[in-house]
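The file start_7.tsv comes next; it holds TSV, N, CA and C atoms and all ligand atoms.
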chain	number	residue	atom	x	y	z
A	121	MET	N	52.75	-22.35	-14.52
A	121	MET	CA	51.62	-22.14	-13.60
A	121	MET	C	50.76	-20.97	-14.04
A	122	LYS	N	51.46	-19.87	-14.36
A	122	LYS	CA	50.77	-18.67	-14.79
A	122	LYS	C	50.06	-18.91	-16.14
A	123	LYS	N	50.74	-19.65	-17.00
A	123	LYS	CA	50.21	-19.95	-18.33
A	123	LYS	C	48.91	-20.77	-18.22
A	124	ARG	N	48.91	-21.70	-17.26
A	124	ARG	CA	47.75	-22.57	-17.06
A	124	ARG	C	46.54	-21.75	-16.61
A	125	CYS	N	46.84	-20.73	-15.77
A	125	CYS	CA	45.77	-19.86	-15.27
A	125	CYS	C	45.11	-19.10	-16.41
A	126	ILE	N	45.95	-18.60	-17.32
A	126	ILE	CA	45.43	-17.85	-18.47
A	126	ILE	C	44.55	-18.76	-19.32
A	127	GLY	N	45.02	-20.00	-19.47
A	127	GLY	CA	44.25	-20.96	-20.28
A	127	GLY	C	42.89	-21.22	-19.67
A	128	TYR	N	42.84	-21.33	-18.35
A	128	TYR	CA	41.57	-21.58	-17.66
A	128	TYR	C	40.63	-20.39	-17.82
A	129	GLU	N	41.20	-19.17	-17.70
A	129	GLU	CA	40.40	-17.95	-17.87
A	129	GLU	C	39.78	-17.89	-19.26
A	130	ARG	N	40.60	-18.29	-20.20
A	130	ARG	CA	40.13	-18.24	-21.59
A	130	ARG	C	38.97	-19.22	-21.79
A	131	LEU	N	39.11	-20.39	-21.15
A	131	LEU	CA	38.10	-21.43	-21.25
A	131	LEU	C	36.79	-20.95	-20.62
A	132	LYS	N	36.93	-20.28	-19.45
A	132	LYS	CA	35.77	-19.78	-18.72
A	132	LYS	C	35.05	-18.72	-19.55
A	133	ARG	N	35.85	-17.85	-20.15
A	133	ARG	CA	35.29	-16.78	-20.98
A	133	ARG	C	34.54	-17.37	-22.18
A	134	GLY	N	35.13	-18.43	-22.74
A	134	GLY	CA	34.51	-19.10	-23.88
A	134	GLY	C	33.16	-19.70	-23.49
A	135	GLY	N	33.09	-20.25	-22.28
A	135	GLY	CA	31.85	-20.83	-21.77
A	135	GLY	C	30.77	-19.79	-21.61
A	136	VAL	N	31.17	-18.62	-21.11
A	136	VAL	CA	30.20	-17.53	-20.92
A	136	VAL	C	29.66	-17.08	-22.26
A	137	VAL	N	30.55	-16.96	-23.22
A	137	VAL	CA	30.14	-16.54	-24.57
A	137	VAL	C	29.15	-17.55	-25.15
A	138	LEU	N	29.45	-18.82	-24.94
A	138	LEU	CA	28.59	-19.88	-25.46
A	138	LEU	C	27.22	-19.83	-24.79
A	139	LEU	N	27.21	-19.54	-23.50
A	139	LEU	CA	25.96	-19.46	-22.75
A	139	LEU	C	25.11	-18.30	-23.27
A	140	ILE	N	25.75	-17.14	-23.45
A	140	ILE	CA	25.04	-15.96	-23.96
A	140	ILE	C	24.50	-16.25	-25.36
A	141	LEU	N	25.33	-16.90	-26.17
A	141	LEU	CA	24.94	-17.22	-27.55
A	141	LEU	C	23.73	-18.15	-27.57
A	142	SER	N	23.73	-19.16	-26.69
A	142	SER	CA	22.61	-20.12	-26.67
A	142	SER	C	21.33	-19.44	-26.16
A	143	LEU	N	21.48	-18.54	-25.19
A	143	LEU	CA	20.31	-17.81	-24.69
A	143	LEU	C	19.73	-16.93	-25.80
A	144	PHE	N	20.63	-16.33	-26.56
A	144	PHE	CA	20.21	-15.48	-27.67
A	144	PHE	C	19.45	-16.31	-28.71
A	145	LEU	N	19.97	-17.50	-29.00
A	145	LEU	CA	19.33	-18.36	-30.01
A	145	LEU	C	17.95	-18.83	-29.54
A	146	ILE	N	17.83	-19.15	-28.25
A	146	ILE	CA	16.54	-19.58	-27.71
A	146	ILE	C	15.54	-18.42	-27.83
A	147	GLY	N	16.00	-17.22	-27.43
A	147	GLY	CA	15.13	-16.05	-27.51
A	147	GLY	C	14.75	-15.73	-28.94
A	148	HIS	N	15.72	-15.89	-29.82
A	148	HIS	CA	15.49	-15.57	-31.22
A	148	HIS	C	14.46	-16.51	-31.85
A	149	SER	N	14.56	-17.80	-31.54
A	149	SER	CA	13.63	-18.75	-32.14
A	149	SER	C	12.22	-18.54	-31.60
A	150	ALA	N	12.11	-18.07	-30.35
A	150	ALA	CA	10.80	-17.78	-29.78
A	150	ALA	C	10.17	-16.59	-30.49
A	151	LEU	N	11.01	-15.62	-30.86
A	151	LEU	CA	10.51	-14.44	-31.55
A	151	LEU	C	10.15	-14.77	-32.99
A	152	ALA	N	10.89	-15.70	-33.57
A	152	ALA	CA	10.70	-16.02	-34.98
A	152	ALA	C	9.38	-16.76	-35.21
A	153	ALA	N	8.85	-17.40	-34.17
A	153	ALA	CA	7.61	-18.15	-34.33
A	153	ALA	C	6.55	-17.68	-33.34
A	154	PRO	N	6.02	-16.46	-33.53
A	154	PRO	CA	4.99	-15.98	-32.62
A	154	PRO	C	3.68	-16.73	-32.85
A	155	SER	N	2.86	-16.86	-31.83
A	155	SER	CA	1.60	-17.56	-32.01
A	155	SER	C	0.64	-16.68	-32.82
A	156	THR	N	-0.07	-17.32	-33.70
A	156	THR	CA	-1.00	-16.61	-34.58
A	156	THR	C	-2.37	-17.28	-34.50
A	157	PHE	N	-3.40	-16.47	-34.33
A	157	PHE	CA	-4.76	-16.98	-34.35
A	157	PHE	C	-5.33	-16.78	-35.75
A	158	ARG	N	-5.85	-17.85	-36.32
A	158	ARG	CA	-6.33	-17.77	-37.70
A	158	ARG	C	-7.86	-17.71	-37.78
A	159	ILE	N	-8.33	-16.79	-38.60
A	159	ILE	CA	-9.76	-16.63	-38.83
A	159	ILE	C	-10.00	-16.88	-40.32
A	160	THR	N	-11.03	-17.65	-40.62
A	160	THR	CA	-11.32	-17.97	-42.01
A	160	THR	C	-12.56	-17.20	-42.48
A	161	ILE	N	-12.44	-16.57	-43.63
A	161	ILE	CA	-13.55	-15.83	-44.22
A	161	ILE	C	-14.41	-16.79	-45.02
A	162	GLY	N	-15.74	-16.67	-44.87
A	162	GLY	CA	-16.65	-17.55	-45.58
A	162	GLY	C	-17.77	-16.80	-46.28
A	163	THR	N	-18.43	-17.49	-47.20
A	163	THR	CA	-19.54	-16.90	-47.95
A	163	THR	C	-20.83	-16.95	-47.16
A	164	PHE	N	-20.90	-17.89	-46.20
A	164	PHE	CA	-22.10	-18.04	-45.38
A	164	PHE	C	-21.77	-17.78	-43.91
A	165	PHE	N	-22.81	-17.57	-43.11
A	165	PHE	CA	-22.62	-17.34	-41.69
A	165	PHE	C	-21.95	-18.54	-41.03
A	166	PRO	N	-21.02	-18.40	-40.11
A	166	PRO	CA	-20.39	-17.13	-39.74
A	166	PRO	C	-19.39	-16.68	-40.81
A	167	TYR	N	-19.54	-15.49	-41.25
A	167	TYR	CA	-18.71	-15.00	-42.36
A	167	TYR	C	-17.24	-14.90	-41.97
A	168	TYR	N	-17.04	-14.59	-40.69
A	168	TYR	CA	-15.68	-14.65	-40.15
A	168	TYR	C	-15.71	-15.77	-39.11
A	169	SER	N	-14.96	-16.81	-39.35
A	169	SER	CA	-15.02	-17.97	-38.47
A	169	SER	C	-13.69	-18.21	-37.75
A	170	PRO	N	-13.70	-18.17	-36.40
A	170	PRO	CA	-14.83	-17.86	-35.53
A	170	PRO	C	-15.21	-16.38	-35.56
A	171	GLU	N	-16.50	-16.16	-35.28
A	171	GLU	CA	-17.05	-14.81	-35.36
A	171	GLU	C	-16.51	-13.90	-34.27
A	172	VAL	N	-16.38	-14.45	-33.07
A	172	VAL	CA	-15.83	-13.69	-31.94
A	172	VAL	C	-14.52	-14.34	-31.50
A	173	VAL	N	-13.48	-13.55	-31.45
A	173	VAL	CA	-12.16	-14.07	-31.11
A	173	VAL	C	-11.55	-13.30	-29.95
A	174	HIS	N	-11.06	-14.02	-28.97
A	174	HIS	CA	-10.34	-13.41	-27.85
A	174	HIS	C	-8.86	-13.78	-27.97
A	175	ILE	N	-8.01	-12.77	-27.98
A	175	ILE	CA	-6.57	-13.04	-28.00
A	175	ILE	C	-5.88	-12.20	-26.94
A	176	ARG	N	-4.67	-12.60	-26.60
A	176	ARG	CA	-3.83	-11.83	-25.69
A	176	ARG	C	-2.98	-10.89	-26.50
A	177	THR	N	-2.55	-9.79	-25.89
A	177	THR	CA	-1.62	-8.89	-26.57
A	177	THR	C	-0.37	-9.70	-26.90
A	178	GLY	N	0.21	-9.45	-28.04
A	178	GLY	CA	1.38	-10.21	-28.46
A	178	GLY	C	1.04	-11.36	-29.38
A	179	THR	N	-0.23	-11.78	-29.37
A	179	THR	CA	-0.67	-12.82	-30.30
A	179	THR	C	-1.09	-12.16	-31.61
A	180	SER	N	-0.58	-12.68	-32.69
A	180	SER	CA	-0.97	-12.16	-34.00
A	180	SER	C	-2.29	-12.79	-34.41
A	181	VAL	N	-2.98	-12.12	-35.28
A	181	VAL	CA	-4.22	-12.68	-35.82
A	181	VAL	C	-4.19	-12.51	-37.33
A	182	SER	N	-4.64	-13.54	-38.04
A	182	SER	CA	-4.66	-13.44	-39.49
A	182	SER	C	-6.00	-13.92	-40.04
A	183	TRP	N	-6.43	-13.27	-41.10
A	183	TRP	CA	-7.67	-13.64	-41.79
A	183	TRP	C	-7.31	-14.22	-43.15
A	184	GLU	N	-7.84	-15.37	-43.43
A	184	GLU	CA	-7.59	-16.01	-44.72
A	184	GLU	C	-8.86	-15.96	-45.55
A	185	ASN	N	-8.71	-15.66	-46.81
A	185	ASN	CA	-9.86	-15.57	-47.71
A	185	ASN	C	-9.85	-16.69	-48.74
A	186	PRO	N	-10.49	-17.84	-48.42
A	186	PRO	CA	-10.53	-18.94	-49.39
A	186	PRO	C	-11.68	-18.81	-50.38
A	187	THR	N	-12.46	-17.73	-50.29
A	187	THR	CA	-13.61	-17.57	-51.19
A	187	THR	C	-13.15	-16.98	-52.53
A	188	ALA	N	-14.07	-16.89	-53.46
A	188	ALA	CA	-13.75	-16.38	-54.80
A	188	ALA	C	-14.00	-14.88	-54.90
A	189	ASP	N	-14.40	-14.25	-53.76
A	189	ASP	CA	-14.77	-12.84	-53.78
A	189	ASP	C	-13.79	-11.95	-53.02
A	190	LEU	N	-13.90	-10.66	-53.30
A	190	LEU	CA	-13.15	-9.66	-52.56
A	190	LEU	C	-13.85	-9.41	-51.24
A	191	HIS	N	-13.09	-9.36	-50.17
A	191	HIS	CA	-13.63	-9.01	-48.86
A	191	HIS	C	-12.67	-8.04	-48.21
A	192	SER	N	-13.08	-7.52	-47.06
A	192	SER	CA	-12.16	-6.69	-46.28
A	192	SER	C	-12.35	-6.96	-44.80
A	193	ILE	N	-11.36	-6.61	-44.04
A	193	ILE	CA	-11.42	-6.68	-42.59
A	193	ILE	C	-11.26	-5.24	-42.15
A	194	THR	N	-12.40	-4.59	-41.86
A	194	THR	CA	-12.40	-3.17	-41.59
A	194	THR	C	-12.96	-2.88	-40.20
A	195	HIS	N	-12.14	-2.27	-39.37
A	195	HIS	CA	-12.59	-1.89	-38.03
A	195	HIS	C	-13.74	-0.90	-38.17
A	196	ASP	N	-14.79	-1.09	-37.35
A	196	ASP	CA	-15.97	-0.23	-37.44
A	196	ASP	C	-15.61	1.25	-37.28
A	197	GLY	N	-14.59	1.52	-36.48
A	197	GLY	CA	-14.16	2.90	-36.25
A	197	GLY	C	-13.73	3.62	-37.52
A	198	CYS	N	-13.32	2.88	-38.52
A	198	CYS	CA	-12.89	3.48	-39.78
A	198	CYS	C	-14.07	4.11	-40.50
A	199	GLN	N	-15.28	3.59	-40.22
A	199	GLN	CA	-16.47	4.06	-40.91
A	199	GLN	C	-17.23	5.10	-40.09
A	200	THR	N	-17.19	4.95	-38.77
A	200	THR	CA	-17.95	5.84	-37.91
A	200	THR	C	-17.21	7.15	-37.64
A	201	GLY	N	-15.96	7.23	-38.05
A	201	GLY	CA	-15.19	8.44	-37.83
A	201	GLY	C	-14.40	8.41	-36.52
A	202	GLU	N	-14.56	7.29	-35.76
A	202	GLU	CA	-13.74	7.13	-34.55
A	202	GLU	C	-12.35	6.65	-34.99
A	203	ALA	N	-11.53	6.32	-34.03
A	203	ALA	CA	-10.19	5.84	-34.36
A	203	ALA	C	-10.28	4.58	-35.22
A	204	CYS	N	-9.55	4.60	-36.32
A	204	CYS	CA	-9.53	3.45	-37.24
A	204	CYS	C	-8.34	2.57	-36.86
A	205	ALA	N	-8.65	1.45	-36.21
A	205	ALA	CA	-7.58	0.59	-35.70
A	205	ALA	C	-6.93	-0.25	-36.80
A	206	PHE	N	-7.75	-0.70	-37.74
A	206	PHE	CA	-7.18	-1.50	-38.84
A	206	PHE	C	-8.16	-1.57	-40.00
A	207	ASP	N	-7.61	-1.67	-41.19
A	207	ASP	CA	-8.41	-1.84	-42.41
A	207	ASP	C	-7.55	-2.57	-43.43
A	208	SER	N	-7.96	-3.77	-43.79
A	208	SER	CA	-7.15	-4.58	-44.71
A	208	SER	C	-7.17	-4.02	-46.13
A	209	GLY	N	-8.23	-3.25	-46.45
A	209	GLY	CA	-8.43	-2.89	-47.85
A	209	GLY	C	-8.95	-4.13	-48.56
A	210	PRO	N	-9.13	-4.07	-49.89
A	210	PRO	CA	-9.67	-5.23	-50.61
A	210	PRO	C	-8.73	-6.44	-50.47
A	211	LEU	N	-9.32	-7.54	-49.95
A	211	LEU	CA	-8.53	-8.78	-49.78
A	211	LEU	C	-9.04	-9.80	-50.79
A	212	GLY	N	-8.23	-10.09	-51.77
A	212	GLY	CA	-8.63	-11.00	-52.85
A	212	GLY	C	-8.62	-12.46	-52.44
A	213	PRO	N	-9.13	-13.33	-53.32
A	213	PRO	CA	-9.14	-14.76	-53.05
A	213	PRO	C	-7.74	-15.30	-52.75
A	214	ASN	N	-7.69	-16.19	-51.78
A	214	ASN	CA	-6.45	-16.84	-51.37
A	214	ASN	C	-5.41	-15.87	-50.80
A	215	ARG	N	-5.89	-14.72	-50.35
A	215	ARG	CA	-4.97	-13.77	-49.73
A	215	ARG	C	-5.18	-13.78	-48.22
A	216	THR	N	-4.15	-13.38	-47.50
A	216	THR	CA	-4.20	-13.35	-46.05
A	216	THR	C	-3.85	-11.96	-45.53
A	217	PHE	N	-4.60	-11.53	-44.55
A	217	PHE	CA	-4.33	-10.25	-43.89
A	217	PHE	C	-3.96	-10.53	-42.44
A	218	SER	N	-2.83	-9.99	-42.00
A	218	SER	CA	-2.37	-10.26	-40.63
A	218	SER	C	-2.22	-8.98	-39.82
A	219	LEU	N	-2.51	-9.11	-38.54
A	219	LEU	CA	-2.35	-8.01	-37.60
A	219	LEU	C	-1.50	-8.48	-36.43
A	220	ARG	N	-0.63	-7.59	-35.95
A	220	ARG	CA	0.14	-7.90	-34.75
A	220	ARG	C	0.30	-6.61	-33.96
A	221	GLN	N	0.65	-6.76	-32.71
A	221	GLN	CA	0.88	-5.61	-31.83
A	221	GLN	C	-0.36	-4.73	-31.70
A	222	LEU	N	-1.52	-5.35	-31.67
A	222	LEU	CA	-2.75	-4.58	-31.50
A	222	LEU	C	-2.94	-4.28	-30.01
A	223	PRO	N	-3.19	-3.02	-29.65
A	223	PRO	CA	-3.37	-2.70	-28.23
A	223	PRO	C	-4.64	-3.34	-27.68
A	224	PRO	N	-4.69	-3.53	-26.35
A	224	PRO	CA	-5.88	-4.13	-25.74
A	224	PRO	C	-7.12	-3.34	-26.11
A	225	GLY	N	-8.20	-4.03	-26.37
A	225	GLY	CA	-9.44	-3.35	-26.72
A	225	GLY	C	-10.46	-4.31	-27.29
A	226	HIS	N	-11.65	-3.77	-27.54
A	226	HIS	CA	-12.77	-4.52	-28.09
A	226	HIS	C	-13.01	-3.98	-29.49
A	227	TYR	N	-12.66	-4.76	-30.49
A	227	TYR	CA	-12.73	-4.29	-31.87
A	227	TYR	C	-13.85	-4.99	-32.64
A	228	SER	N	-14.86	-4.22	-33.01
A	228	SER	CA	-15.89	-4.74	-33.90
A	228	SER	C	-15.46	-4.38	-35.32
A	229	TYR	N	-15.59	-5.35	-36.21
A	229	TYR	CA	-15.18	-5.08	-37.58
A	229	TYR	C	-16.19	-5.65	-38.56
A	230	HIS	N	-16.06	-5.26	-39.81
A	230	HIS	CA	-17.01	-5.70	-40.84
A	230	HIS	C	-16.29	-5.77	-42.19
A	231	CYS	N	-17.03	-6.22	-43.19
A	231	CYS	CA	-16.51	-6.25	-44.56
A	231	CYS	C	-17.10	-5.06	-45.29
A	232	SER	N	-16.26	-4.23	-45.86
A	232	SER	CA	-16.74	-3.02	-46.53
A	232	SER	C	-17.51	-3.34	-47.81
A	233	PHE	N	-17.33	-4.55	-48.35
A	233	PHE	CA	-18.05	-4.95	-49.55
A	233	PHE	C	-19.41	-5.57	-49.21
A	234	HIS	N	-19.46	-6.26	-48.07
A	234	HIS	CA	-20.69	-6.95	-47.64
A	234	HIS	C	-20.93	-6.62	-46.18
A	235	PRO	N	-21.62	-5.50	-45.90
A	235	PRO	CA	-21.79	-5.05	-44.52
A	235	PRO	C	-22.47	-6.07	-43.59
A	236	ILE	N	-23.11	-7.09	-44.18
A	236	ILE	CA	-23.73	-8.13	-43.35
A	236	ILE	C	-22.65	-8.97	-42.66
A	237	MET	N	-21.46	-8.97	-43.20
A	237	MET	CA	-20.35	-9.72	-42.62
A	237	MET	C	-19.78	-8.94	-41.44
A	238	ARG	N	-19.89	-9.56	-40.26
A	238	ARG	CA	-19.42	-8.86	-39.06
A	238	ARG	C	-18.63	-9.80	-38.15
A	239	GLY	N	-17.67	-9.24	-37.46
A	239	GLY	CA	-16.88	-10.03	-36.52
A	239	GLY	C	-16.40	-9.17	-35.37
A	240	THR	N	-15.91	-9.82	-34.34
A	240	THR	CA	-15.41	-9.10	-33.16
A	240	THR	C	-14.08	-9.68	-32.73
A	241	LEU	N	-13.17	-8.79	-32.45
A	241	LEU	CA	-11.85	-9.18	-31.96
A	241	LEU	C	-11.63	-8.51	-30.61
A	242	VAL	N	-11.37	-9.32	-29.60
A	242	VAL	CA	-11.14	-8.79	-28.25
A	242	VAL	C	-9.68	-9.08	-27.87
A	243	VAL	N	-8.95	-8.02	-27.58
A	243	VAL	CA	-7.54	-8.16	-27.21
A	243	VAL	C	-7.40	-7.80	-25.74
A	244	THR	N	-6.85	-8.72	-24.96
A	244	THR	CA	-6.68	-8.47	-23.53
A	244	THR	C	-5.22	-8.60	-23.13
A	245	GLU	N	-4.88	-7.95	-22.02
A	245	GLU	CA	-3.53	-8.04	-21.45
A	245	GLU	C	-3.31	-9.48	-20.98
A	246	PRO	N	-2.06	-9.97	-21.02
A	246	PRO	CA	-1.79	-11.35	-20.61
A	246	PRO	C	-2.29	-11.68	-19.20
A	247	HIS	N	-2.23	-10.71	-18.28
A	247	HIS	CA	-2.63	-11.02	-16.91
A	247	HIS	C	-3.82	-10.18	-16.46
A	248	ALA	N	-4.70	-9.84	-17.40
A	248	ALA	CA	-5.89	-9.08	-17.04
A	248	ALA	C	-6.76	-9.94	-16.13
A	249	PRO	N	-7.20	-9.40	-14.98
A	249	PRO	CA	-8.00	-10.19	-14.05
A	249	PRO	C	-9.33	-10.64	-14.65
A	250	SER	N	-9.95	-9.76	-15.40
A	250	SER	CA	-11.21	-10.12	-16.06
A	250	SER	C	-11.49	-9.13	-17.15
A	251	GLU	N	-12.48	-9.43	-17.95
A	251	GLU	CA	-12.83	-8.50	-19.02
A	251	GLU	C	-14.33	-8.21	-18.95
A	252	THR	N	-14.71	-7.10	-19.53
A	252	THR	CA	-16.12	-6.71	-19.47
A	252	THR	C	-16.81	-7.05	-20.77
B	301	CU	CU	-17.13	-9.54	-47.83
Take the structure I supplied and represent it as structure tokens, if you would.
Amino acid sequence: MKKRCIGYERLKRGGVVLLILSLFLIGHSALAAPSTFRITIGTFFPYYSPEVVHIRTGTSVSWENPTADLHSITHDGCQTGEACAFDSGPLGPNRTFSLRQLPPGHYSYHCSFHPIMRGTLVVTEPHAPSET
């Protein structure tokens, strides 16, 4: 009788471990595949397509350069002397620049090689009531 009780306890403990393990795996797979917003760099307008992008915090954003030229994704603040939020540096053909964990804000950016190339990235909180 006592032996049977121990066996049941062991089974119950095993079930709890399995439950925790499955929850961990679900959480892990969600982390392994974060959503990414893709922006394509072009030689003609819009140079960053789409030109204006709205994302939620936690969403990654990546810029792909399918052109034959060097470009950059440079936050305007890097040039004006304000806070420099991001700067890809020279991004060669077929290269990708990715950003994640960007704080909420309104980021205007440009290409340091071709100042005519401009884009805007707006990052908002997941439950922000509205944006300005
Ligand atoms: Cu450029």
Computed interatomic separation between atom C of Pro223 of chain A and atom C of Leu190 of chain A (Å): 26.0 Å
Given only N, CA and C atoms and all ligand atoms, how would the per-residue table for chain A near ligand CU 301 (chain B) read, listing every residue at most 8 Å away with its closest atom pair and distance in Å to one decimal, sorted by chain and number, as a tab-separated table?
residue	atom	partner	partner_atom	distance
A:Gly162	C	B:CU301	CU	7.5
A:Thr163	CA	B:CU301	CU	7.7
A:Tyr167	CA	B:CU301	CU	7.9
A:Asp189	C	B:CU301	CU	6.6
A:Leu190	C	B:CU301	CU	4.7
A:His191	CA	B:CU301	CU	3.7
A:Ser192	N	B:CU301	CU	4.6
A:Ile193	N	B:CU301	CU	7.5
A:His230	C	B:CU301	CU	6.8
A:Cys231	CA	B:CU301	CU	4.7
A:Ser232	N	B:CU301	CU	5.7
A:Phe233	C	B:CU301	CU	4.8
A:His234	N	B:CU301	CU	4.0
A:Pro235	N	B:CU301	CU	6.3
A:Ile236	N	B:CU301	CU	7.4
A:Met237	CA	B:CU301	CU	6.1
Need to verify the contact set: Ile159 of chain A, 7 Å, only N, CA and C atoms, exclusion of same-chain residues closer than 2 positions in sequence. Can you return it as an MDAnalysis selection string? chainID A and resid 157 161 168:170 181:185
Identify all residues of segment 174-244 of chain A in alpha helix (DSSP H) (DSSP on the backbone) and supply them as a compact mmCIF listing (two decimals) with N, CA and C atoms, keeping the file's coordinate frame.
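Generated output (selection_28.txt):
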# COMPACT_ATOMS: atom_id res chain seq x y z
N GLY A 197 -14.59 1.52 -36.48
CA GLY A 197 -14.16 2.90 -36.25
C GLY A 197 -13.73 3.62 -37.52
N CYS A 198 -13.32 2.88 -38.52
CA CYS A 198 -12.89 3.48 -39.78
C CYS A 198 -14.07 4.11 -40.50
N GLN A 199 -15.28 3.59 -40.22
CA GLN A 199 -16.47 4.06 -40.91
C GLN A 199 -17.23 5.10 -40.09
N THR A 200 -17.19 4.95 -38.77
CA THR A 200 -17.95 5.84 -37.91
C THR A 200 -17.21 7.15 -37.64
Nearest to Ser228 of chain A by atom-to-atom distance, counting only C-alpha atoms, from A:Asp207, A:Glu202, A:Glu245, A:Asp196: A:Asp196
Could you jot down the atom CA of Leu219 of chain A to atom CA of Pro186 of chain A separation for me, Å, one decimal place?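 Separation of atom CA of Leu219 of chain A and atom CA of Pro186 of chain A: 18.0 Å.
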Quick one: everything within 6.5 Å of Leu241 of chain A, counting only N, CA and C atoms, minus sequence neighbours fewer than 6 positions away in the same chain. Send it as a ChimeraX atom specification. /A:171-175,225-229
Expected file contents, prior selection, N, CA and C atoms, as a PDB file, in the frame of the given file:
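Output below, filename result39.pdb:
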ATOM      1  N   GLU A 171     -16.500 -16.160 -35.280  1.00  0.00           N
ATOM      2  CA  GLU A 171     -17.050 -14.810 -35.360  1.00  0.00           C
ATOM      3  C   GLU A 171     -16.510 -13.900 -34.270  1.00  0.00           C
ATOM      4  N   VAL A 172     -16.380 -14.450 -33.070  1.00  0.00           N
ATOM      5  CA  VAL A 172     -15.830 -13.690 -31.940  1.00  0.00           C
ATOM      6  C   VAL A 172     -14.520 -14.340 -31.500  1.00  0.00           C
ATOM      7  N   VAL A 173     -13.480 -13.550 -31.450  1.00  0.00           N
ATOM      8  CA  VAL A 173     -12.160 -14.070 -31.110  1.00  0.00           C
ATOM      9  C   VAL A 173     -11.550 -13.300 -29.950  1.00  0.00           C
ATOM     10  N   HIS A 174     -11.060 -14.020 -28.970  1.00  0.00           N
ATOM     11  CA  HIS A 174     -10.340 -13.410 -27.850  1.00  0.00           C
ATOM     12  C   HIS A 174      -8.860 -13.780 -27.970  1.00  0.00           C
ATOM     13  N   ILE A 175      -8.010 -12.770 -27.980  1.00  0.00           N
ATOM     14  CA  ILE A 175      -6.570 -13.040 -28.000  1.00  0.00           C
ATOM     15  C   ILE A 175      -5.880 -12.200 -26.940  1.00  0.00           C
ATOM     16  N   GLY A 225      -8.200  -4.030 -26.370  1.00  0.00           N
ATOM     17  CA  GLY A 225      -9.440  -3.350 -26.720  1.00  0.00           C
ATOM     18  C   GLY A 225     -10.460  -4.310 -27.290  1.00  0.00           C
ATOM     19  N   HIS A 226     -11.650  -3.770 -27.540  1.00  0.00           N
ATOM     20  CA  HIS A 226     -12.770  -4.520 -28.090  1.00  0.00           C
ATOM     21  C   HIS A 226     -13.010  -3.980 -29.490  1.00  0.00           C
ATOM     22  N   TYR A 227     -12.660  -4.760 -30.490  1.00  0.00           N
ATOM     23  CA  TYR A 227     -12.730  -4.290 -31.870  1.00  0.00           C
ATOM     24  C   TYR A 227     -13.850  -4.990 -32.640  1.00  0.00           C
ATOM     25  N   SER A 228     -14.860  -4.220 -33.010  1.00  0.00           N
ATOM     26  CA  SER A 228     -15.890  -4.740 -33.900  1.00  0.00           C
ATOM     27  C   SER A 228     -15.460  -4.380 -35.320  1.00  0.00           C
ATOM     28  N   TYR A 229     -15.590  -5.350 -36.210  1.00  0.00           N
ATOM     29  CA  TYR A 229     -15.180  -5.080 -37.580  1.00  0.00           C
ATOM     30  C   TYR A 229     -16.190  -5.650 -38.560  1.00  0.00           C
TER      31      TYR A 229
END
Using atom N of Pro246 of chain A and atom N of Ala205 of chain A as the two end points, give the distance in Å to one decimal. 20.1 Å
Closest to His247 of chain A among A:Thr200, A:Thr194, A:Thr177, A:Thr187, using only C-alpha atoms? A:Thr177
Looking at all atoms listed in the file, which of A:Arg176, A:Arg158, A:Phe164, A:Arg215 is the one that sits closest to Val243 of chain A?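 Once distances to Val243 of chain A are computed over all atoms listed in the file, the minimum belongs to A:Arg176.
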For Ser180 of chain A: contacts at 6 Å, only N, CA and C atoms, fewer than 6 positions along chain excluded, given as an MDAnalysis selection string: chainID A and resid 154:157 219:221
